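Undergrad: Hey, dropping protein08.cif in here, mmCIF, C-alpha atoms and all ligand atoms:
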```
data_coords
loop_
_atom_site.label_atom_id
_atom_site.label_comp_id
_atom_site.auth_asym_id
_atom_site.auth_seq_id
_atom_site.Cartn_x
_atom_site.Cartn_y
_atom_site.Cartn_z
CA MET A 1 37.96 -59.93 -31.40
CA ASN A 2 36.26 -57.67 -33.95
CA LEU A 3 33.77 -55.25 -32.48
CA PRO A 4 31.22 -53.27 -34.53
CA HIS A 5 32.60 -49.99 -35.95
CA ASN A 6 29.35 -48.10 -35.42
CA VAL A 7 26.79 -48.36 -32.66
CA LYS A 8 23.31 -46.87 -32.45
CA ILE A 9 22.31 -45.70 -29.01
CA VAL A 10 18.61 -45.35 -28.34
CA GLU A 11 18.18 -42.74 -25.61
CA VAL A 12 15.37 -43.98 -23.37
CA GLY A 13 15.72 -41.58 -20.43
CA PRO A 14 12.65 -39.47 -21.22
CA ARG A 15 10.51 -42.64 -21.17
CA ASP A 16 12.10 -45.49 -19.22
CA GLY A 17 13.84 -43.02 -16.93
CA LEU A 18 11.09 -40.59 -16.13
CA GLN A 19 8.28 -43.18 -15.99
CA ASN A 20 9.76 -44.37 -12.74
CA GLU A 21 10.54 -41.09 -11.02
CA LYS A 22 8.55 -40.37 -7.88
CA GLU A 23 8.37 -36.75 -8.86
CA ASN A 24 6.04 -36.31 -11.80
CA VAL A 25 8.23 -34.24 -14.08
CA GLY A 26 6.25 -31.61 -15.97
CA ALA A 27 5.88 -31.59 -19.75
CA ALA A 28 8.01 -28.45 -20.20
CA VAL A 29 11.02 -30.06 -18.50
CA LYS A 30 10.55 -33.26 -20.52
CA ILE A 31 10.41 -31.24 -23.73
CA GLU A 32 13.62 -29.43 -22.86
CA LEU A 33 15.27 -32.76 -22.01
CA VAL A 34 14.25 -34.34 -25.33
CA ASP A 35 15.40 -31.25 -27.24
CA ARG A 36 18.78 -31.28 -25.51
CA LEU A 37 19.18 -34.97 -26.35
CA SER A 38 18.19 -34.39 -29.97
CA ARG A 39 20.82 -31.67 -30.28
CA ALA A 40 23.43 -34.05 -28.85
CA GLY A 41 22.94 -36.17 -31.98
CA PHE A 42 20.90 -39.25 -31.02
CA ALA A 43 19.37 -41.04 -33.99
CA ASN A 44 16.59 -42.37 -31.78
CA VAL A 45 14.96 -40.91 -28.66
CA GLU A 46 12.21 -42.76 -26.82
CA ALA A 47 10.15 -39.77 -25.86
CA ALA A 48 6.66 -41.02 -24.96
CA SER A 49 4.52 -43.86 -23.68
CA PHE A 50 0.83 -44.12 -24.48
CA VAL A 51 -0.20 -46.46 -21.69
CA SER A 52 -2.98 -46.22 -19.13
CA PRO A 53 -2.42 -43.10 -16.98
CA LYS A 54 -3.83 -45.10 -14.06
CA TRP A 55 -0.97 -47.56 -14.42
CA VAL A 56 1.83 -45.08 -15.14
CA PRO A 57 0.75 -41.50 -14.31
CA GLN A 58 4.26 -40.17 -15.06
CA MET A 59 3.64 -40.73 -18.78
CA ALA A 60 0.23 -39.02 -18.93
CA THR A 61 1.67 -35.92 -20.61
CA SER A 62 3.17 -37.87 -23.52
CA GLY A 63 0.91 -36.17 -26.11
CA GLU A 64 1.91 -32.74 -24.85
CA VAL A 65 5.59 -33.70 -24.92
CA MET A 66 5.41 -34.98 -28.50
CA ALA A 67 3.59 -31.80 -29.58
CA GLY A 68 6.18 -29.54 -27.93
CA ILE A 69 9.50 -31.01 -29.02
CA ALA A 70 11.65 -29.57 -31.81
CA ARG A 71 12.09 -32.54 -34.12
CA ARG A 72 15.59 -32.93 -35.42
CA PRO A 73 15.70 -34.28 -38.97
CA GLY A 74 17.25 -37.73 -38.81
CA THR A 75 16.09 -38.49 -35.27
CA ILE A 76 13.43 -41.14 -34.75
CA TYR A 77 11.03 -40.34 -31.89
CA SER A 78 9.58 -43.51 -30.39
CA ALA A 79 6.51 -44.16 -28.25
CA LEU A 80 5.35 -47.21 -26.31
CA THR A 81 2.00 -48.56 -27.49
CA PRO A 82 0.59 -51.59 -25.62
CA ASN A 83 -2.65 -51.74 -27.61
CA MET A 84 -4.70 -49.95 -30.31
CA GLN A 85 -5.71 -47.18 -27.91
CA GLY A 86 -2.03 -46.43 -27.42
CA PHE A 87 -1.36 -46.72 -31.14
CA GLU A 88 -4.07 -44.17 -32.03
CA ALA A 89 -2.55 -41.73 -29.52
CA ALA A 90 0.95 -42.31 -30.88
CA LEU A 91 -0.25 -41.77 -34.44
CA ALA A 92 -1.98 -38.51 -33.47
CA ALA A 93 1.23 -37.44 -31.70
CA ARG A 94 3.25 -38.13 -34.88
CA ALA A 95 5.55 -40.76 -33.38
CA ASP A 96 8.02 -42.13 -35.93
CA GLU A 97 8.25 -45.52 -34.28
CA VAL A 98 5.86 -47.46 -32.05
CA VAL A 99 7.04 -49.98 -29.50
CA ILE A 100 5.05 -53.07 -28.59
CA PHE A 101 6.33 -54.45 -25.33
CA GLY A 102 5.99 -58.02 -24.20
CA SER A 103 7.90 -60.36 -21.95
CA ALA A 104 9.72 -63.68 -22.01
CA SER A 105 8.22 -64.34 -18.54
CA GLU A 106 4.53 -65.14 -18.09
CA ALA A 107 4.54 -63.77 -14.54
CA PHE A 108 5.99 -60.42 -15.60
CA SER A 109 3.61 -60.16 -18.55
CA GLN A 110 0.66 -60.39 -16.16
CA LYS A 111 2.09 -57.79 -13.76
CA ASN A 112 3.21 -55.33 -16.42
CA ILE A 113 0.47 -55.44 -19.05
CA ASN A 114 -2.23 -57.49 -17.32
CA CYS A 115 -2.34 -60.38 -19.79
CA SER A 116 -0.52 -63.56 -20.78
CA ILE A 117 2.24 -63.64 -23.40
CA ALA A 118 -0.14 -65.19 -25.94
CA GLU A 119 -2.81 -62.55 -25.22
CA SER A 120 -0.23 -59.81 -25.58
CA ILE A 121 0.81 -61.06 -29.02
CA ALA A 122 -2.86 -61.07 -30.06
CA ARG A 123 -3.17 -57.45 -28.87
CA PHE A 124 -0.03 -56.49 -30.75
CA GLU A 125 -1.25 -57.90 -34.06
CA PRO A 126 -3.56 -54.99 -34.96
CA VAL A 127 -0.95 -52.51 -33.68
CA ALA A 128 1.69 -54.06 -35.93
CA ARG A 129 -0.68 -54.04 -38.89
CA ALA A 130 -1.65 -50.41 -38.31
CA ALA A 131 2.01 -49.38 -37.94
CA LYS A 132 2.77 -50.89 -41.35
CA GLU A 133 -0.31 -49.28 -42.93
CA HIS A 134 0.77 -45.87 -41.69
CA GLY A 135 4.43 -46.34 -42.58
CA LEU A 136 5.66 -46.22 -38.98
CA ARG A 137 8.63 -48.18 -37.74
CA LEU A 138 7.76 -51.04 -35.42
CA ARG A 139 9.92 -52.14 -32.52
CA GLY A 140 9.34 -55.06 -30.18
CA SER A 141 10.67 -55.05 -26.63
CA ILE A 142 11.05 -58.27 -24.65
CA SER A 143 11.27 -57.80 -20.89
CA CYS A 144 12.85 -60.33 -18.52
CA SER A 145 14.96 -61.95 -21.23
CA PHE A 146 17.69 -62.59 -18.64
CA GLY A 147 15.63 -63.21 -15.50
CA CYS A 148 12.34 -62.27 -13.89
CA PRO A 149 11.59 -60.65 -10.52
CA TYR A 150 8.60 -62.98 -10.07
CA GLN A 151 9.56 -66.32 -11.64
CA GLY A 152 13.38 -66.15 -11.41
CA GLU A 153 15.08 -68.07 -14.23
CA VAL A 154 13.78 -67.52 -17.75
CA PRO A 155 14.69 -70.34 -20.17
CA LEU A 156 16.49 -69.50 -23.41
CA GLY A 157 13.66 -71.24 -25.26
CA ALA A 158 11.16 -68.71 -23.89
CA VAL A 159 13.26 -65.82 -25.23
CA ALA A 160 13.62 -67.53 -28.62
CA ASP A 161 9.86 -68.08 -28.75
CA VAL A 162 8.96 -64.42 -28.13
CA VAL A 163 11.68 -63.18 -30.49
CA GLY A 164 10.11 -65.39 -33.18
CA ARG A 165 6.64 -64.01 -32.45
CA MET A 166 7.88 -60.41 -32.56
CA ARG A 167 9.69 -61.17 -35.85
CA ASP A 168 6.48 -62.65 -37.29
CA LEU A 169 4.62 -59.47 -36.34
CA GLY A 170 7.03 -57.60 -38.62
CA CYS A 171 9.22 -55.81 -36.08
CA ASP A 172 12.00 -53.72 -37.59
CA GLU A 173 14.02 -54.00 -34.40
CA ILE A 174 13.77 -56.21 -31.31
CA ASP A 175 15.03 -55.24 -27.85
CA ILE A 176 16.34 -57.94 -25.58
CA ALA A 177 15.78 -56.44 -22.15
CA ASP A 178 17.37 -57.12 -18.78
CA THR A 179 14.56 -55.51 -16.84
CA ILE A 180 16.12 -56.13 -13.41
CA GLY A 181 19.79 -56.00 -14.38
CA VAL A 182 20.67 -59.52 -13.26
CA SER A 183 22.61 -60.80 -16.24
CA THR A 184 26.37 -61.34 -16.39
CA PRO A 185 28.55 -61.34 -19.54
CA ARG A 186 28.59 -65.02 -20.55
CA LYS A 187 24.88 -65.37 -19.93
CA THR A 188 24.32 -62.21 -21.94
CA GLN A 189 26.20 -63.71 -24.87
CA ALA A 190 24.15 -66.93 -24.67
CA VAL A 191 20.87 -64.98 -24.71
CA MET A 192 21.99 -62.68 -27.54
CA GLU A 193 23.19 -65.65 -29.61
CA THR A 194 19.83 -67.35 -29.02
CA ALA A 195 17.96 -64.22 -30.14
CA ALA A 196 20.21 -63.94 -33.21
CA ARG A 197 19.20 -67.43 -34.34
CA ALA A 198 15.62 -66.14 -34.65
CA PHE A 199 16.17 -62.54 -35.84
CA ALA A 200 18.80 -60.54 -37.76
CA LEU A 201 21.65 -59.70 -35.41
CA GLU A 202 22.05 -56.16 -36.79
CA ARG A 203 18.45 -55.37 -35.77
CA ILE A 204 18.75 -56.68 -32.22
CA ALA A 205 19.15 -54.15 -29.40
CA GLY A 206 20.44 -54.66 -25.87
CA HIS A 207 18.40 -52.94 -23.14
CA PHE A 208 20.28 -53.28 -19.87
CA HIS A 209 19.21 -51.97 -16.51
CA ASP A 210 22.14 -51.50 -14.16
CA THR A 211 20.71 -52.85 -10.92
CA TYR A 212 23.67 -55.16 -10.19
CA GLY A 213 26.31 -52.94 -11.83
CA GLN A 214 26.71 -55.34 -14.75
CA ALA A 215 25.31 -53.27 -17.60
CA LEU A 216 28.56 -51.99 -19.14
CA ALA A 217 30.11 -55.47 -18.94
CA ASN A 218 26.97 -56.88 -20.57
CA ILE A 219 27.17 -54.29 -23.34
CA TYR A 220 30.82 -55.17 -23.98
CA ALA A 221 29.89 -58.86 -24.05
CA SER A 222 27.09 -58.08 -26.52
CA LEU A 223 29.50 -56.12 -28.73
CA GLU A 224 31.69 -59.20 -28.85
CA VAL A 225 28.86 -61.20 -30.40
CA GLY A 226 28.08 -58.38 -32.84
CA VAL A 227 25.15 -56.53 -31.25
CA ALA A 228 25.37 -52.89 -32.36
CA ILE A 229 22.25 -51.21 -30.89
CA PHE A 230 21.99 -50.35 -27.20
CA HIS A 231 19.49 -48.50 -25.05
CA ALA A 232 20.70 -46.12 -22.40
CA SER A 233 19.28 -43.49 -20.10
CA VAL A 234 20.86 -40.09 -19.56
CA ALA A 235 22.14 -39.72 -15.96
CA GLY A 236 21.10 -43.36 -15.42
CA LEU A 237 17.50 -42.29 -14.81
CA GLY A 238 14.81 -44.83 -14.33
CA GLY A 239 13.68 -48.31 -13.43
CA CYS A 240 10.40 -50.06 -14.00
CA PRO A 241 7.23 -49.51 -11.99
CA TYR A 242 6.42 -53.24 -12.23
CA ALA A 243 9.85 -54.57 -11.26
CA LYS A 244 10.49 -53.64 -7.62
CA GLY A 245 14.07 -52.64 -6.84
CA ALA A 246 15.03 -52.34 -10.50
CA THR A 247 17.25 -49.30 -10.95
CA GLY A 248 17.70 -47.24 -14.06
CA ASN A 249 19.06 -48.21 -17.41
CA VAL A 250 22.78 -48.06 -17.92
CA ALA A 251 23.78 -44.37 -18.00
CA THR A 252 24.18 -43.02 -21.52
CA GLU A 253 27.28 -41.00 -20.59
CA ASP A 254 29.03 -44.18 -19.37
CA VAL A 255 28.19 -46.08 -22.56
CA ILE A 256 29.40 -43.27 -24.83
CA TYR A 257 32.58 -42.84 -22.79
CA MET A 258 33.33 -46.55 -23.22
CA LEU A 259 32.47 -46.60 -26.93
CA ASP A 260 34.51 -43.45 -27.60
CA GLY A 261 37.46 -45.13 -25.88
CA LEU A 262 37.01 -48.23 -28.03
CA GLY A 263 37.00 -46.07 -31.18
CA ILE A 264 33.39 -47.04 -31.95
CA GLU A 265 31.38 -44.32 -33.70
CA THR A 266 28.04 -43.23 -32.19
CA GLY A 267 27.57 -39.80 -33.79
CA ILE A 268 26.75 -38.40 -30.35
CA ASP A 269 28.47 -35.52 -28.59
CA LEU A 270 29.28 -36.71 -25.07
CA ALA A 271 29.68 -33.18 -23.67
CA GLN A 272 26.12 -32.30 -24.65
CA VAL A 273 24.80 -35.52 -23.10
CA VAL A 274 26.61 -34.61 -19.88
CA ASP A 275 24.88 -31.21 -20.00
CA ALA A 276 21.49 -32.88 -20.51
CA GLY A 277 22.20 -35.21 -17.58
CA GLU A 278 23.10 -32.26 -15.37
CA PHE A 279 19.95 -30.45 -16.46
CA ILE A 280 17.58 -33.27 -15.51
CA SER A 281 19.48 -34.21 -12.33
CA ARG A 282 19.34 -30.62 -11.12
CA HIS A 283 15.62 -30.59 -11.82
CA LEU A 284 15.19 -33.80 -9.79
CA GLY A 285 17.31 -32.31 -7.01
CA ARG A 286 19.96 -35.00 -6.93
CA LYS A 287 23.30 -36.01 -8.31
CA GLY A 288 23.12 -37.94 -11.59
CA ALA A 289 23.90 -41.67 -11.51
CA SER A 290 26.42 -41.62 -14.37
CA ARG A 291 29.98 -42.21 -13.17
CA ALA A 292 31.46 -40.78 -16.38
CA GLY A 293 29.02 -37.86 -16.29
CA ASN A 294 29.98 -36.96 -12.72
CA ALA A 295 33.69 -37.34 -13.45
CA LEU A 296 33.45 -35.07 -16.48
CA LEU A 297 31.47 -32.47 -14.51
CA ALA A 298 34.09 -32.55 -11.72
CA LYS A 299 36.86 -32.14 -14.30
CA ARG A 300 35.08 -29.17 -15.84
CA ALA A 301 34.64 -27.53 -12.44
CA GLY A 302 38.45 -27.92 -12.17
P1 LIG B 1 -6.02 -53.20 -18.71
O1 LIG B 1 -6.59 -52.61 -17.46
O2 LIG B 1 -5.92 -54.69 -18.81
O3 LIG B 1 -6.70 -52.62 -20.04
O4 LIG B 1 -4.58 -52.59 -18.90
P2 LIG B 1 -8.16 -52.37 -20.50
O5 LIG B 1 -8.13 -52.44 -21.98
O6 LIG B 1 -9.12 -53.24 -19.73
O7 LIG B 1 -8.42 -50.83 -20.08
C1 LIG B 1 -8.56 -50.41 -18.75
C2 LIG B 1 -8.54 -48.90 -18.69
O8 LIG B 1 -7.31 -48.40 -19.16
C3 LIG B 1 -9.61 -48.23 -19.55
O9 LIG B 1 -9.93 -46.98 -18.89
C4 LIG B 1 -8.89 -47.89 -20.81
O10 LIG B 1 -9.45 -46.80 -21.49
C5 LIG B 1 -7.51 -47.52 -20.29
P3 LIG B 1 -11.23 -46.85 -17.94
O11 LIG B 1 -12.37 -47.29 -18.80
O12 LIG B 1 -10.97 -47.79 -16.77
O13 LIG B 1 -11.21 -45.40 -17.55
N1 LIG B 1 -6.47 -47.76 -21.28
C6 LIG B 1 -5.65 -46.82 -21.76
N2 LIG B 1 -5.53 -45.50 -21.50
C7 LIG B 1 -4.58 -44.83 -22.19
N3 LIG B 1 -3.76 -45.41 -23.10
C8 LIG B 1 -3.86 -46.72 -23.38
C9 LIG B 1 -4.84 -47.47 -22.70
N4 LIG B 1 -5.19 -48.76 -22.73
C10 LIG B 1 -6.18 -48.94 -21.89
N5 LIG B 1 -3.04 -47.27 -24.27
C11 LIG B 1 -2.68 -51.91 -20.20
C12 LIG B 1 -3.74 -52.97 -19.98
C13 LIG B 1 -1.61 -52.50 -21.09
C14 LIG B 1 -3.29 -50.70 -20.84
C15 LIG B 1 -2.10 -51.53 -18.83
O14 LIG B 1 -1.69 -52.71 -18.19
C16 LIG B 1 -0.96 -50.57 -18.91
O15 LIG B 1 -1.11 -49.42 -19.30
N6 LIG B 1 0.21 -50.99 -18.50
C17 LIG B 1 1.38 -50.12 -18.55
C18 LIG B 1 2.58 -50.88 -18.29
C19 LIG B 1 3.78 -49.99 -18.46
O16 LIG B 1 3.73 -48.90 -19.00
N7 LIG B 1 4.92 -50.49 -17.96
C20 LIG B 1 6.16 -49.80 -18.10
C21 LIG B 1 6.64 -49.79 -19.52
S1 LIG B 1 7.35 -51.33 -20.02
C22 LIG B 1 8.97 -51.23 -19.45
O17 LIG B 1 9.34 -50.29 -18.79
C23 LIG B 1 9.92 -52.33 -19.86
C24 LIG B 1 10.92 -51.90 -20.92
O18 LIG B 1 11.67 -50.78 -20.49
C25 LIG B 1 11.87 -53.06 -21.21
C26 LIG B 1 12.46 -53.61 -19.91
O19 LIG B 1 13.25 -52.93 -19.25
O20 LIG B 1 12.05 -54.73 -19.56
C27 LIG B 1 10.23 -51.53 -22.23
MG MG B 2 13.41 -50.84 -19.26
#
```
Spit out the file's structure as C-alpha cells when you get a sec.
TA:
Amino acid sequence: MNLPHNVKIVEVGPRDGLQNEKENVGAAVKIELVDRLSRAGFANVEAASFVSPKWVPQMATSGEVMAGIARRPGTIYSALTPNMQGFEAALAARADEVVIFGSASEAFSQKNINCSIAESIARFEPVARAAKEHGLRLRGSISCSFGCPYQGEVPLGAVADVVGRMRDLGCDEIDIADTIGVSTPRKTQAVMETAARAFALERIAGHFHDTYGQALANIYASLEVGVAIFHASVAGLGGCPYAKGATGNVATEDVIYMLDGLGIETGIDLAQVVDAGEFISRHLGRKGASRAGNALLAKRAG
C-alpha cells in the first residue's frame, strides 16, 4: 500500500499539552519550549489559546508567550480562537493561524464551549471572515469525531456534517480529533474516508489522543488512506480539561520515530525533539510519556 512520502506534524504540546497540566507552567518555560520546538524544524507549532482564563487558566499567558518566542521563518504559529474576543487577541499577538474548534457531538460542544454545534458555527462565522480579511490561515478542529465522553457513539453523518460546515467557513485545514483516544484502526479509516468525501484529503489532519494506546495504530491506518498531517505533543503532554480521563496526544517522538522508520519525510530532527521533551518533563518533575523519547534518552546515557 502506498503511503504519503511527506508528512506534516503539527506540534500541539505547548497548547493541548500544557492546557491540561495541573501545574501552571510559567510563560518563560513555555517560550523556551516553543523555541526548542521551532529549532527542531516543525512547520507548525500550536503555541497559544485565547480562551476564557476562567475556563482554562493554564492558557492565560498566551499573549506573553506569543510576544516572547523567536519566530522561525517557515514555521506557522497557531492559536485557538473560540470567538471574536479570542480572534482579536490572536491578531494582536501576531498568530499566523487561528483555530476554530467545534465538535461532532452536541454534548461535548456544550461542555467545552458552552453552546450547541449550530451556535458554535454562528460564532465562528465572524472569526472566519476576519481571518480571511487579515490574511491569516484558518483551521477548524472537530472534537469527538470518533466517540464522545458524554454521548458515547458519534455517527459518521455527524462528522460529515461538521466537516462540511467547517469547509463552508473557508477552513484551510480541518482536524479530525479523537479527543478521548477511543478509536481503533478500521474505525479510524471509516471516519477519515467520510471526512475526505466532504473536504480535500491533503488538508485533513489526524489529532489522536493516546488514552487507549491506539494513537500510533490510528496514525498508520490514516496514512493508509492518504492522510498526511498529524498532530502530536512532545513527551505526550496533555489531555483535555473537558474530557475527564483523556490523556495526552500521541507523543511526537513516537510519531517521528515511526515515520523515520517508514522512510517518510517530516523535516524534523528527532534528537532535538527528544531534548525538548526532556526539558519540559524535567520542569514538570516527571518522566516523559514518549516511549521512543525515553528509549533514546536511555541509549544516550549508555
Ligand atoms: P461563555 O461563558 O459562554 O462566554 O464561554 P461569554 O461570551 O458569555 O463570556 C463569558 C466570560 O468569558 C466573559 O468574561 C468574557 O469576557 C470571557 P466576564 O465578563 O465573565 O469577566 N471570554 C473570554 N475571555 C478571554 N478570551 C476569550 C473569551 N471569550 C469570552 N476568547 C467560551 C464561551 C468559548 C469563551 C468558553 O467556553 C471557553 O473559553 N471555553 C474554553 C474551552 C477550551 O479551551 N477547551 C480546551 C481547548 S479545545 C481542545 O482541547 C480540543 C482539541 O484539542 C481537539 C480535541 O482533542 O478534541 C482542539
Ligand atoms: Mg486535543
Undergrad: Quick one: residues within 10 Å of range 36-42 of chain A, only C-alpha atoms, excluding same-chain residues fewer than 4 positions away - as a VMD selection string?
TA: chain A and resid 8 to 11 13 to 14 30 to 32 69 to 77 234 266 to 277 279
Undergrad: In Å, rounded to a single decimal, give me how far CA of Gly140 in chain A is from CA of Ile176 in chain A.
TA: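 Atom-to-atom, CA of Ile176 in chain A to CA of Gly140 in chain A, that is 8.9 Å.
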Undergrad: Which chain A residues have any atom within 9 Å of an atom of ligand MG 2 (chain B), and for each, what is the nearest pair of atoms with distance in Å to one decimal, counting all atoms listed in the file, rows sorted by chain and number, as a tab-separated table?
TA:
```
residue	atom	partner	partner_atom	distance
A:Val12	CA	B:MG2	MG	8.2
A:Arg15	CA	B:MG2	MG	8.9
A:Asp16	CA	B:MG2	MG	5.5
A:Gly17	CA	B:MG2	MG	8.2
A:Ser141	CA	B:MG2	MG	8.9
A:Ser143	CA	B:MG2	MG	7.5
A:Ala177	CA	B:MG2	MG	6.7
A:Asp178	CA	B:MG2	MG	7.4
A:Thr179	CA	B:MG2	MG	5.4
A:Ile180	CA	B:MG2	MG	8.3
A:His207	CA	B:MG2	MG	6.7
A:Phe208	CA	B:MG2	MG	7.3
A:His209	CA	B:MG2	MG	6.5
A:His231	CA	B:MG2	MG	8.7
A:Gly238	CA	B:MG2	MG	7.9
A:Gly239	CA	B:MG2	MG	6.4
A:Cys240	CA	B:MG2	MG	6.1
A:Gly248	CA	B:MG2	MG	7.6
A:Asn249	CA	B:MG2	MG	6.5
```
Undergrad: Name the residues in contact with Lys132 in chain A at a cut-off of 12 Å, using all atoms listed in the file, excluding same-chain residues fewer than 4 positions from it; report them as a PDB file with C-alpha atoms, in the frame of the given file.
TA:
```
ATOM      1  CA  PHE A  87      -1.360 -46.720 -31.140  1.00  0.00           C
ATOM      2  CA  LEU A  91      -0.250 -41.770 -34.440  1.00  0.00           C
ATOM      3  CA  ASP A  96       8.020 -42.130 -35.930  1.00  0.00           C
ATOM      4  CA  GLU A  97       8.250 -45.520 -34.280  1.00  0.00           C
ATOM      5  CA  VAL A  98       5.860 -47.460 -32.050  1.00  0.00           C
ATOM      6  CA  GLU A 125      -1.250 -57.900 -34.060  1.00  0.00           C
ATOM      7  CA  PRO A 126      -3.560 -54.990 -34.960  1.00  0.00           C
ATOM      8  CA  VAL A 127      -0.950 -52.510 -33.680  1.00  0.00           C
ATOM      9  CA  ALA A 128       1.690 -54.060 -35.930  1.00  0.00           C
ATOM     10  CA  LEU A 136       5.660 -46.220 -38.980  1.00  0.00           C
ATOM     11  CA  ARG A 137       8.630 -48.180 -37.740  1.00  0.00           C
ATOM     12  CA  LEU A 138       7.760 -51.040 -35.420  1.00  0.00           C
ATOM     13  CA  ARG A 139       9.920 -52.140 -32.520  1.00  0.00           C
ATOM     14  CA  LEU A 169       4.620 -59.470 -36.340  1.00  0.00           C
ATOM     15  CA  GLY A 170       7.030 -57.600 -38.620  1.00  0.00           C
ATOM     16  CA  CYS A 171       9.220 -55.810 -36.080  1.00  0.00           C
ATOM     17  CA  ASP A 172      12.000 -53.720 -37.590  1.00  0.00           C
TER      18      ASP A 172
END
```
Undergrad: When you look at Gly68 in chain A with a cut-off of 12 Å (counting all atoms listed in the file), what residues show up, excluding the ones that are within fewer than 3 positions of it in the same chain? I need them as a ChimeraX atom specification.
TA: /A:27-35,47-48,61-65,71,93-94
Undergrad: Okay, now the selection with C-alpha atoms, as a PDB file, in the coordinates of the input?
TA:
```pdb
ATOM      1  CA  ALA A  27       5.880 -31.590 -19.750  1.00  0.00           C
ATOM      2  CA  ALA A  28       8.010 -28.450 -20.200  1.00  0.00           C
ATOM      3  CA  VAL A  29      11.020 -30.060 -18.500  1.00  0.00           C
ATOM      4  CA  LYS A  30      10.550 -33.260 -20.520  1.00  0.00           C
ATOM      5  CA  ILE A  31      10.410 -31.240 -23.730  1.00  0.00           C
ATOM      6  CA  GLU A  32      13.620 -29.430 -22.860  1.00  0.00           C
ATOM      7  CA  LEU A  33      15.270 -32.760 -22.010  1.00  0.00           C
ATOM      8  CA  VAL A  34      14.250 -34.340 -25.330  1.00  0.00           C
ATOM      9  CA  ASP A  35      15.400 -31.250 -27.240  1.00  0.00           C
ATOM     10  CA  ALA A  47      10.150 -39.770 -25.860  1.00  0.00           C
ATOM     11  CA  ALA A  48       6.660 -41.020 -24.960  1.00  0.00           C
ATOM     12  CA  THR A  61       1.670 -35.920 -20.610  1.00  0.00           C
ATOM     13  CA  SER A  62       3.170 -37.870 -23.520  1.00  0.00           C
ATOM     14  CA  GLY A  63       0.910 -36.170 -26.110  1.00  0.00           C
ATOM     15  CA  GLU A  64       1.910 -32.740 -24.850  1.00  0.00           C
ATOM     16  CA  VAL A  65       5.590 -33.700 -24.920  1.00  0.00           C
ATOM     17  CA  ARG A  71      12.090 -32.540 -34.120  1.00  0.00           C
ATOM     18  CA  ALA A  93       1.230 -37.440 -31.700  1.00  0.00           C
ATOM     19  CA  ARG A  94       3.250 -38.130 -34.880  1.00  0.00           C
TER      20      ARG A  94
END
```
Undergrad: Please list as a PyMOL selection string every residue within 10 Å of Ala217 in chain A, counting all atoms listed in the file and excluding residues in the same chain fewer than 2 positions away.
TA: chain A and resi 183-186+188+213-215+219-223
Undergrad: Give me, please, the distance in Å between atom P3 of ligand LIG 1 (chain B) and CA of Glu46 in chain A, quoted to one decimal.
TA: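 Interatomic distance, atom P3 of ligand LIG 1 (chain B) to CA of Glu46 in chain A: 25.4 Å.
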Undergrad: The centre and edge lengths of an axis-aligned box containing all atoms of ligand LIG 1 (chain B) present in the file, extended by 4 Å on each side, are to be given in Å to one decimal, as JSON.
TA:
```
{"center_x": 0.4, "center_y": -49.8, "center_z": -20.5, "size_x": 33.6, "size_y": 17.9, "size_z": 15.5}
```
Undergrad: Tell me which of A:His134, A:Lys54, A:Lys299, A:Arg167 sits closest to ligand LIG 1 (chain B), counting only C-alpha atoms and all ligand atoms.
TA: A:Lys54
Undergrad: In Å, with one decimal, what is the gap from CA of Ala232 in chain A to CA of Leu3 in chain A?
TA: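 Computing the Euclidean distance for CA of Ala232 in chain A and CA of Leu3 in chain A yields 18.9 Å.
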Undergrad: Restricting the calculation to only C-alpha atoms: of A:Glu278, A:Ala95, A:Val7, A:Asn114, which residue gets closest to Gly135 in chain A?
TA: A:Ala95
Undergrad: Counting all atoms listed in the file, figure out which residue out of A:Ile121, A:Leu18, A:Cys144, A:Ala79 gets nearest to ligand LIG 1 (chain B).
TA: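 Ranking A:Ile121, A:Leu18, A:Cys144, A:Ala79 by distance to ligand LIG 1 (chain B), first place goes to A:Cys144.
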Undergrad: Counting all atoms listed in the file, what is within 10 Å of Ala160 in chain A, bar same-chain residues fewer than 6 positions away, as number ranges by chain?
TA: A: 104, 145, 166, 191-199
Undergrad: Ranking A:Leu156, A:Ile174, A:Val162, A:Ala295 by minimum distance to Gln189 in chain A and counting all atoms listed in the file, which one comes first?
TA: A:Leu156
